[in-house]
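J.: File my_file01.csv follows (CSV, C-alpha atoms):
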```
chain,number,residue,atom,x,y,z
A,1,GLN,CA,106.4,78.8,-185.3
A,2,LEU,CA,104.1,77.0,-183.0
A,3,PRO,CA,105.1,74.1,-180.8
A,4,GLY,CA,104.7,70.4,-181.4
A,5,SER,CA,102.5,69.0,-184.1
A,6,PHE,CA,100.9,72.3,-184.5
A,7,SER,CA,104.0,73.8,-186.3
A,8,TYR,CA,102.4,74.2,-189.7
A,9,LYS,CA,104.2,75.6,-192.8
A,10,ILE,CA,102.6,78.8,-194.0
A,11,ILE,CA,102.7,79.2,-197.8
A,12,LEU,CA,103.9,82.7,-198.8
A,13,VAL,CA,103.3,84.2,-202.3
A,14,ASN,CA,106.1,86.2,-203.8
A,15,THR,CA,105.8,86.3,-207.6
A,16,PRO,CA,103.2,88.3,-209.7
A,17,GLY,CA,102.2,85.1,-211.5
A,18,ASP,CA,101.4,83.4,-208.3
A,19,THR,CA,99.4,86.4,-207.1
A,20,MET,CA,97.2,86.4,-210.2
A,21,ARG,CA,96.6,82.7,-210.0
A,22,LYS,CA,95.7,83.0,-206.3
A,23,ASN,CA,93.2,85.8,-207.1
A,24,ALA,CA,91.6,83.6,-209.7
A,25,ASP,CA,91.4,80.8,-207.1
A,26,ASN,CA,89.8,83.1,-204.6
A,27,ASP,CA,87.1,83.8,-207.2
A,28,MET,CA,86.5,80.1,-207.6
A,29,ILE,CA,86.4,79.7,-203.8
A,30,ARG,CA,83.7,82.4,-203.6
A,31,MET,CA,81.6,80.5,-206.1
A,32,ILE,CA,82.0,77.2,-204.3
A,33,LEU,CA,81.1,78.8,-200.9
A,34,ARG,CA,77.9,80.2,-202.5
A,35,LYS,CA,77.1,76.7,-203.7
A,36,ILE,CA,77.7,75.3,-200.2
A,37,ARG,CA,75.4,78.0,-198.7
A,38,ASN,CA,72.7,77.4,-201.2
A,39,ASN,CA,72.8,73.6,-201.1
A,40,ILE,CA,73.4,73.2,-197.4
A,41,ALA,CA,70.5,70.7,-197.1
A,42,ASP,CA,71.5,68.7,-200.2
A,43,THR,CA,74.1,66.3,-199.0
A,44,GLU,CA,75.2,65.0,-202.4
A,45,LYS,CA,75.9,68.5,-203.9
A,46,LEU,CA,77.4,69.6,-200.6
A,47,GLU,CA,79.8,66.7,-200.6
A,48,VAL,CA,81.0,67.5,-204.1
A,49,SER,CA,81.5,71.2,-203.3
A,50,LEU,CA,83.4,70.5,-200.1
A,51,LYS,CA,85.7,68.0,-202.0
A,52,THR,CA,86.4,70.7,-204.6
A,53,LEU,CA,87.0,73.3,-201.9
A,54,SER,CA,89.4,71.1,-200.0
A,55,LYS,CA,91.8,71.4,-203.0
A,56,TYR,CA,92.4,75.1,-202.0
A,57,LYS,CA,92.7,74.6,-198.2
A,58,SER,CA,96.5,75.0,-198.2
A,59,THR,CA,97.2,77.4,-201.0
A,60,ASN,CA,94.4,79.7,-200.3
A,61,ALA,CA,94.1,79.3,-196.5
A,62,ASP,CA,94.4,83.1,-195.9
A,63,PHE,CA,91.1,83.6,-197.9
A,64,LEU,CA,89.3,80.7,-196.3
A,65,CYS,CA,90.0,82.0,-192.8
A,66,LYS,CA,88.0,85.2,-193.5
A,67,SER,CA,84.9,85.6,-191.4
A,68,LYS,CA,82.3,84.9,-194.2
A,69,SER,CA,84.1,81.8,-195.3
A,70,LEU,CA,84.5,80.5,-191.7
A,71,SER,CA,80.8,81.2,-190.9
A,72,ILE,CA,79.7,79.1,-193.9
A,73,LEU,CA,82.0,76.2,-192.9
A,74,VAL,CA,80.9,76.3,-189.3
A,75,LEU,CA,77.3,76.4,-190.2
A,76,THR,CA,77.8,73.4,-192.5
A,77,ALA,CA,79.4,71.4,-189.7
A,78,LYS,CA,76.7,72.3,-187.3
A,79,HIS,CA,74.0,71.3,-189.9
A,80,HIS,CA,75.5,67.9,-190.6
A,81,THR,CA,76.7,66.5,-187.2
A,82,ASP,CA,75.4,63.0,-188.1
A,83,ASN,CA,77.1,62.9,-191.5
A,84,PRO,CA,80.7,61.7,-191.0
A,85,VAL,CA,81.8,62.3,-194.6
A,86,ILE,CA,80.7,66.0,-194.7
A,87,LEU,CA,81.8,66.5,-191.1
A,88,LYS,CA,85.3,65.2,-191.8
A,89,LEU,CA,85.7,67.3,-195.0
A,90,THR,CA,84.5,70.5,-193.2
A,91,ILE,CA,86.8,69.9,-190.1
A,92,SER,CA,89.7,69.3,-192.4
A,93,ILE,CA,89.1,72.5,-194.3
A,94,LEU,CA,88.6,74.5,-191.1
A,95,THR,CA,91.8,73.1,-189.6
A,96,SER,CA,93.9,74.0,-192.7
A,97,SER,CA,92.3,77.4,-193.0
A,98,LEU,CA,92.8,78.4,-189.4
A,99,THR,CA,96.6,77.7,-189.5
A,100,GLU,CA,96.8,80.9,-191.5
A,101,THR,CA,95.6,82.9,-188.5
A,102,VAL,CA,99.0,82.6,-186.8
A,103,LYS,CA,100.3,85.2,-189.3
A,104,ALA,CA,98.0,88.0,-188.0
A,105,VAL,CA,96.5,88.9,-184.7
A,106,ASP,CA,93.4,90.5,-186.3
A,107,ALA,CA,92.8,87.4,-188.3
A,108,SER,CA,93.2,85.4,-185.1
A,109,LYS,CA,90.6,87.4,-183.3
A,110,SER,CA,88.1,87.1,-186.2
A,111,ALA,CA,88.6,83.3,-186.4
A,112,TRP,CA,88.4,82.8,-182.7
A,113,HIS,CA,85.1,84.8,-182.4
A,114,MET,CA,83.7,82.8,-185.3
A,115,CYS,CA,84.6,79.4,-184.0
A,116,LYS,CA,84.8,79.5,-180.2
A,117,ASP,CA,81.1,78.5,-179.7
A,118,TYR,CA,81.5,75.6,-182.1
A,119,ILE,CA,84.8,74.6,-180.5
A,120,HIS,CA,83.7,74.1,-176.9
A,121,ASP,CA,80.3,72.6,-177.7
A,122,ASP,CA,79.9,70.8,-181.0
A,123,LEU,CA,83.5,69.5,-181.3
A,124,ILE,CA,83.5,68.1,-177.8
A,125,LYS,CA,80.2,66.3,-178.6
A,126,ILE,CA,81.8,64.9,-181.7
A,127,ILE,CA,84.8,63.5,-179.8
A,128,ILE,CA,82.8,61.9,-177.0
A,129,ASN,CA,80.2,60.5,-179.4
A,130,GLU,CA,80.5,56.7,-179.0
A,131,ARG,CA,79.8,56.2,-182.7
A,132,TYR,CA,82.9,58.2,-183.7
A,133,LEU,CA,85.0,57.5,-180.6
A,134,LEU,CA,84.9,53.8,-181.0
A,135,GLU,CA,84.8,53.5,-184.8
A,136,ASP,CA,86.2,56.5,-186.6
A,137,CYS,CA,89.8,57.4,-185.6
A,138,GLU,CA,90.0,59.9,-188.5
A,139,MET,CA,87.0,61.9,-187.2
A,140,VAL,CA,88.3,62.0,-183.6
A,141,GLN,CA,91.7,63.0,-184.8
A,142,GLY,CA,90.3,65.8,-186.9
A,143,ALA,CA,88.0,67.1,-184.2
A,144,ILE,CA,90.6,67.1,-181.4
A,145,HIS,CA,93.2,68.6,-183.7
A,146,LEU,CA,90.9,71.5,-184.5
A,147,LEU,CA,90.0,71.8,-180.8
A,148,ALA,CA,93.7,72.1,-179.9
A,149,LEU,CA,94.4,74.5,-182.7
A,150,ILE,CA,91.8,77.0,-181.5
A,151,ALA,CA,93.1,76.6,-177.9
A,152,LEU,CA,96.6,77.3,-179.3
A,153,ILE,CA,95.5,80.5,-181.0
A,154,ALA,CA,93.8,81.7,-177.9
A,155,ASN,CA,96.8,80.9,-175.7
A,156,TYR,CA,99.4,82.6,-178.0
A,157,TRP,CA,97.6,85.4,-179.8
A,158,LEU,CA,94.5,86.5,-177.9
A,159,ARG,CA,95.9,88.3,-174.9
A,160,SER,CA,94.4,91.7,-175.6
A,161,ASP,CA,92.1,93.5,-173.2
A,162,ASP,CA,88.9,93.0,-175.2
A,163,LEU,CA,89.1,89.2,-175.1
A,164,ASN,CA,88.7,87.3,-171.8
A,165,ILE,CA,90.6,84.1,-172.5
A,166,GLU,CA,90.3,83.0,-168.8
A,167,SER,CA,86.5,83.1,-169.2
A,168,PHE,CA,86.8,81.0,-172.4
A,169,LYS,CA,88.9,78.4,-170.5
A,170,SER,CA,86.2,78.3,-167.8
A,171,GLU,CA,83.5,77.7,-170.4
A,172,CYS,CA,85.6,75.0,-172.0
A,173,SER,CA,86.1,73.4,-168.6
A,174,GLU,CA,82.3,73.5,-167.9
A,175,LYS,CA,81.7,71.9,-171.3
A,176,ARG,CA,84.2,69.1,-170.1
A,177,MET,CA,86.8,69.7,-172.7
A,178,HIS,CA,89.3,67.8,-170.5
A,179,LEU,CA,87.1,64.7,-170.5
A,180,ALA,CA,86.8,64.8,-174.3
A,181,ALA,CA,90.6,64.9,-174.5
A,182,ILE,CA,91.0,62.0,-172.0
A,183,SER,CA,88.4,59.9,-173.8
A,184,ALA,CA,90.2,60.4,-177.1
A,185,MET,CA,93.6,59.6,-175.6
A,186,LEU,CA,92.2,56.5,-173.8
A,187,ALA,CA,90.5,55.2,-177.0
A,188,TYR,CA,93.6,55.8,-179.2
A,189,LYS,CA,96.5,55.7,-176.9
A,190,ASP,CA,98.9,54.6,-179.7
A,191,ASN,CA,97.9,57.5,-182.0
A,192,GLU,CA,100.5,60.1,-181.5
A,193,GLU,CA,98.5,62.9,-183.3
A,194,ILE,CA,95.5,62.4,-181.0
A,195,CYS,CA,97.7,62.1,-177.9
A,196,ASP,CA,99.6,65.2,-178.8
A,197,ALA,CA,96.5,67.3,-179.1
A,198,GLY,CA,94.9,65.8,-176.0
A,199,VAL,CA,97.9,66.4,-173.8
A,200,TYR,CA,98.1,70.0,-175.1
A,201,LEU,CA,94.4,70.6,-174.2
A,202,ILE,CA,95.0,69.4,-170.6
A,203,TYR,CA,98.1,71.6,-170.4
A,204,TRP,CA,96.1,74.6,-171.8
A,205,LEU,CA,93.4,74.2,-169.2
A,206,GLN,CA,96.0,73.7,-166.4
A,207,CYS,CA,97.5,77.0,-167.2
A,208,ALA,CA,94.2,78.8,-166.3
A,209,GLU,CA,94.5,81.4,-163.6
A,210,ASP,CA,91.2,80.1,-162.1
A,211,GLY,CA,92.0,77.4,-159.6
A,212,CYS,CA,88.5,75.9,-160.1
A,213,VAL,CA,89.3,75.0,-163.7
A,214,GLN,CA,92.5,73.2,-162.5
A,215,ARG,CA,90.9,71.4,-159.6
A,216,THR,CA,88.3,69.8,-161.9
A,217,MET,CA,91.1,67.7,-163.4
A,218,TRP,CA,92.3,65.6,-160.4
A,219,SER,CA,90.7,63.7,-157.5
A,220,GLN,CA,91.0,64.1,-153.8
A,221,THR,CA,92.8,60.8,-153.7
A,222,LEU,CA,95.6,62.3,-155.7
A,223,ARG,CA,95.6,65.4,-153.5
A,224,ILE,CA,96.0,63.3,-150.4
A,225,ALA,CA,98.9,61.3,-151.9
A,226,ILE,CA,100.7,64.5,-152.9
A,227,ASP,CA,100.1,66.0,-149.4
A,228,ALA,CA,101.5,62.8,-147.8
A,229,GLY,CA,104.4,62.8,-150.3
A,230,LEU,CA,105.4,66.3,-149.4
A,231,ASP,CA,105.7,65.4,-145.8
A,232,GLU,CA,107.8,62.3,-146.7
A,233,PHE,CA,110.0,64.1,-149.3
A,234,ASP,CA,110.6,67.5,-147.9
A,235,ARG,CA,108.3,70.5,-148.1
A,236,LYS,CA,111.3,72.8,-148.4
A,237,PHE,CA,112.7,71.3,-151.6
A,238,GLU,CA,113.4,73.6,-154.6
A,239,TRP,CA,110.1,73.8,-156.6
A,240,SER,CA,111.9,75.3,-159.6
A,241,ASP,CA,114.4,72.4,-159.8
A,242,GLU,CA,113.1,70.0,-162.5
A,243,GLU,CA,115.1,67.1,-161.3
A,244,GLU,CA,113.8,67.4,-157.7
A,245,MET,CA,110.2,67.7,-158.9
A,246,GLN,CA,110.6,64.6,-161.0
A,247,ASN,CA,112.1,62.7,-158.0
A,248,PHE,CA,109.0,63.8,-156.0
A,249,LEU,CA,106.7,62.4,-158.7
A,250,ASP,CA,108.6,59.1,-158.6
A,251,ILE,CA,107.7,58.5,-154.9
A,252,PRO,CA,105.8,55.1,-155.1
A,253,SER,CA,102.7,56.4,-153.3
A,254,VAL,CA,102.5,59.6,-155.5
A,255,LEU,CA,103.3,57.7,-158.7
A,256,SER,CA,100.6,55.1,-157.9
A,257,ALA,CA,98.0,57.8,-157.2
A,258,PHE,CA,98.8,59.6,-160.4
A,259,ARG,CA,98.4,56.4,-162.4
A,260,GLN,CA,95.1,55.5,-160.7
A,261,ASP,CA,93.6,59.0,-161.1
A,262,PRO,CA,90.7,59.0,-163.7
A,263,ILE,CA,92.2,62.0,-165.6
A,264,MET,CA,95.8,62.4,-164.5
A,265,GLY,CA,96.3,58.6,-164.9
A,266,VAL,CA,95.5,58.7,-168.6
A,267,LEU,CA,97.8,61.7,-169.0
A,268,ARG,CA,100.6,60.1,-167.1
A,269,ASN,CA,100.4,56.9,-169.1
A,270,THR,CA,100.3,58.8,-172.4
A,271,TRP,CA,103.3,60.9,-171.3
A,272,GLU,CA,105.3,57.8,-170.4
A,273,GLN,CA,104.4,56.1,-173.7
A,274,HIS,CA,105.2,59.0,-176.0
A,275,LYS,CA,107.7,61.3,-174.2
A,276,ASP,CA,110.8,59.8,-175.8
A,277,PHE,CA,109.4,60.4,-179.3
A,278,ASN,CA,107.4,63.6,-179.1
A,279,GLN,CA,108.8,66.7,-177.5
A,280,ASN,CA,105.5,68.5,-177.2
A,281,ILE,CA,104.0,65.6,-175.2
A,282,ALA,CA,107.1,65.4,-173.1
A,283,ASN,CA,107.1,69.1,-172.2
A,284,CYS,CA,103.4,69.6,-171.8
A,285,GLY,CA,102.8,66.4,-169.9
A,286,GLU,CA,105.6,67.1,-167.5
A,287,SER,CA,104.3,70.7,-167.0
A,288,VAL,CA,100.8,69.4,-166.1
A,289,GLN,CA,102.2,67.0,-163.4
A,290,PHE,CA,104.4,69.8,-161.9
A,291,CYS,CA,101.4,72.2,-162.0
A,292,VAL,CA,99.2,69.7,-160.1
A,293,THR,CA,101.8,69.4,-157.4
A,294,THR,CA,102.5,73.1,-157.0
A,295,ARG,CA,98.7,73.9,-157.1
A,296,HIS,CA,98.2,71.5,-154.1
A,297,ARG,CA,100.6,73.7,-152.0
A,298,ARG,CA,98.0,76.5,-152.3
A,299,ASP,CA,95.0,74.2,-152.0
A,300,CYS,CA,96.0,71.9,-149.2
A,301,LYS,CA,93.3,73.5,-146.9
A,302,LEU,CA,90.6,72.2,-149.3
A,303,LEU,CA,91.1,68.6,-148.4
A,304,LYS,CA,88.0,66.9,-146.9
A,305,CYS,CA,87.5,63.9,-144.7
A,306,SER,CA,87.2,60.7,-146.8
A,307,ASN,CA,84.2,59.6,-144.6
A,308,CYS,CA,82.1,62.7,-143.6
A,309,GLU,CA,83.5,65.0,-146.3
A,310,LYS,CA,83.8,67.9,-143.9
A,311,ASN,CA,86.8,70.2,-144.1
A,312,LEU,CA,89.8,68.8,-142.3
A,313,PRO,CA,91.1,70.2,-139.1
A,314,LYS,CA,94.7,71.5,-138.5
A,315,LYS,CA,97.5,69.4,-139.9
A,316,LYS,CA,98.4,67.8,-136.5
A,317,GLU,CA,94.9,66.5,-136.0
A,318,ARG,CA,94.5,64.8,-139.4
A,319,LEU,CA,94.6,61.0,-139.7
A,320,LEU,CA,96.1,59.4,-142.8
A,321,CYS,CA,95.7,55.7,-143.6
A,322,SER,CA,99.2,54.4,-142.8
A,323,SER,CA,98.8,51.5,-145.2
A,324,CYS,CA,97.7,53.0,-148.6
A,325,ARG,CA,98.2,56.7,-147.7
A,326,LEU,CA,95.3,57.5,-150.1
A,327,VAL,CA,92.6,58.4,-147.6
A,328,ILE,CA,92.5,61.0,-144.8
A,329,TYR,CA,90.1,61.6,-141.9
A,330,CYS,CA,89.1,64.3,-139.4
A,331,SER,CA,88.9,61.8,-136.5
A,332,SER,CA,89.5,58.2,-135.4
A,333,ARG,CA,85.8,57.7,-135.3
A,334,CYS,CA,85.4,58.6,-139.0
A,335,GLN,CA,88.4,56.4,-139.8
A,336,LYS,CA,86.8,53.3,-138.1
A,337,LYS,CA,83.5,53.9,-139.8
A,338,HIS,CA,85.0,54.3,-143.3
A,339,TRP,CA,87.2,51.2,-142.7
A,340,LYS,CA,84.2,49.0,-142.0
A,341,LYS,CA,82.0,50.6,-144.7
A,342,GLU,CA,84.3,50.3,-147.7
A,343,HIS,CA,88.0,51.1,-147.2
A,344,LYS,CA,89.0,47.7,-145.8
A,345,LEU,CA,88.8,46.1,-149.3
A,346,LYS,CA,90.0,49.1,-151.2
A,347,CYS,CA,93.0,49.6,-149.0
A,348,LYS,CA,94.4,46.1,-149.7
A,349,GLN,CA,93.9,46.6,-153.5
A,350,ALA,CA,95.6,50.1,-153.4
A,351,THR,CA,98.5,48.7,-151.3
A,352,VAL,CA,99.2,45.9,-153.8
A,353,SER,CA,99.0,48.4,-156.7
A,354,THR,CA,101.5,50.7,-155.0
A,355,ILE,CA,103.9,47.9,-154.5
A,356,GLU,CA,103.7,46.8,-158.1
```
Rewrite the structure of this file - the entire thing - as structure tokens.
T.:
Amino acid sequence: QLPGSFSYKIILVNTPGDTMRKNADNDMIRMILRKIRNNIADTEKLEVSLKTLSKYKSTNADFLCKSKSLSILVLTAKHHTDNPVILKLTISILTSSLTETVKAVDASKSAWHMCKDYIHDDLIKIIINERYLLEDCEMVQGAIHLLALIALIANYWLRSDDLNIESFKSECSEKRMHLAAISAMLAYKDNEEICDAGVYLIYWLQCAEDGCVQRTMWSQTLRIAIDAGLDEFDRKFEWSDEEEMQNFLDIPSVLSAFRQDPIMGVLRNTWEQHKDFNQNIANCGESVQFCVTTRHRRDCKLLKCSNCEKNLPKKKERLLCSSCRLVIYCSSRCQKKHWKKEHKLKCKQATVSTIE
């Protein structure tokens, strides 16, 4: 059983009568798929075929997740990216079909190879497309759900030597999967399904072994706040203690930096809104925040001066803004320049936000 919203019920066949009926349905599916392939440019016929095929998406999911079936469905989706009706039907069938892959590793590998290019390219474009993002909740929900499902399959089933999942995560990061997830959560913050899938995608990328993938998802301002918070709290506190970690995240300056961060701010707000009602969002959202903090312990040497952007000197020689604690400098000269140039106004705003 898979965690959160992705815990689908798999239909198992036990009786001879059901087996015969299922085989007859598979023959019907073959005929429908041939029609889809032959009429891929004819939107009217294609829509009729997809609606007929969608009737079998639960009972015959094991057959639909075969390579030939998936290839036809993915090709259909790619061919009709501007047709919301066909796109939604195809995504819905793909999502239901791929749930069957949790039953077998071989099926998972086949499905993943067939869909991975579509996942981190076309689906991301669908989610961030303003036409869908602002006007079509159903489309966004279907796309991000399918995106999360493929990530879930990769995370739980594809750990064999012949599949480089870390490379796949890097590709997804380069294609800005995390920004697609954030855009969807920001546009539909009250939609639990969308937020569930979005938080899981951020969590999945944060679990990457490659630090570069993780570092793309939070700003230097947040790093500085965490660095200052560690000095204020106690660098020797027990990192495995969930209560102590949560106390650290509740430090006003750290909490304010999380909420103002372009990516982590959306995740934090989503987590606060849904954590009491959705266990998957509660667990994954908390894990991401803990991961950001622990990652900074290893990356603290990567902090740069907020003015000249050069690598910072040793800890003792760094200068932190004593008011907002969100900018850091390599020298007093840089601090004075940055204050006159822009920080004078921003510091007052950040201080007010922190107090609130």
J.: Compare A:Lys346, A:Leu133, A:Ser306, A:Leu94 by their minimum atom-to-atom distance to A:Arg333, counting all atoms listed in the file, and give me the closest one.
T.: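 For A:Arg333, the nearest of the candidates is A:Ser306.
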J.: Can you measure atom CA of A:Gln335 to atom CA of A:Phe258 for me? One decimal in Å is fine.
T.: 23.3 Å
J.: For A:Ile202, please output as a VMD selection string all residues within 10 Å (counting only C-alpha atoms; exclusion window: fewer than 4 positions along the same chain).
T.: chain A and resid 148 173 177 to 179 181 to 182 197 to 198 206 to 207 214 217 263 to 264 267 284 to 285 288
J.: Please measure the separation of atom CA of A:Gly265 and atom CA of A:Lys189, giving the value in Å to one decimal.
T.: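 It comes out at 12.3 Å.
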J.: I'd like to know which of A:Ser183, A:Ala41, A:Ser97, A:Ile86 is closest to A:Asp62, using all atoms listed in the file.
T.: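 Closest candidate: A:Ser97.
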J.: Return the single residue from A:Lys125, A:Lys336, A:Ile153, A:Tyr188 that is closest to A:Lys175, with distances computed using all atoms listed in the file.
T.: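 Smallest separation from A:Lys175 among the options: A:Lys125.
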J.: If you measure from atom CA of A:Glu135 to atom CA of A:Thr216, what distance in Å do you get, rounded to one decimal?
T.: 28.3 Å
J.: Choose the residue, out of A:Cys324, A:Trp339, A:Arg295, A:Met31, that has the smallest atom-to-atom separation from A:Asn307; count only C-alpha atoms.
T.: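 Between A:Cys324, A:Trp339, A:Arg295, A:Met31, the residue approaching A:Asn307 most closely is A:Trp339.
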J.: Considering all atoms listed in the file, state which residue in the set A:Asp196, A:Lys340, A:Val327, A:Lys78 is at the smallest distance from A:Gln279.
T.: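 Selected residue with least distance to A:Gln279: A:Asp196.
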J.: Counting all atoms listed in the file, figure out which residue out of A:Trp204, A:Leu134, A:Leu326, A:Leu89 gets nearest to A:Glu166.
T.: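 Between A:Trp204, A:Leu134, A:Leu326, A:Leu89, the residue approaching A:Glu166 most closely is A:Trp204.
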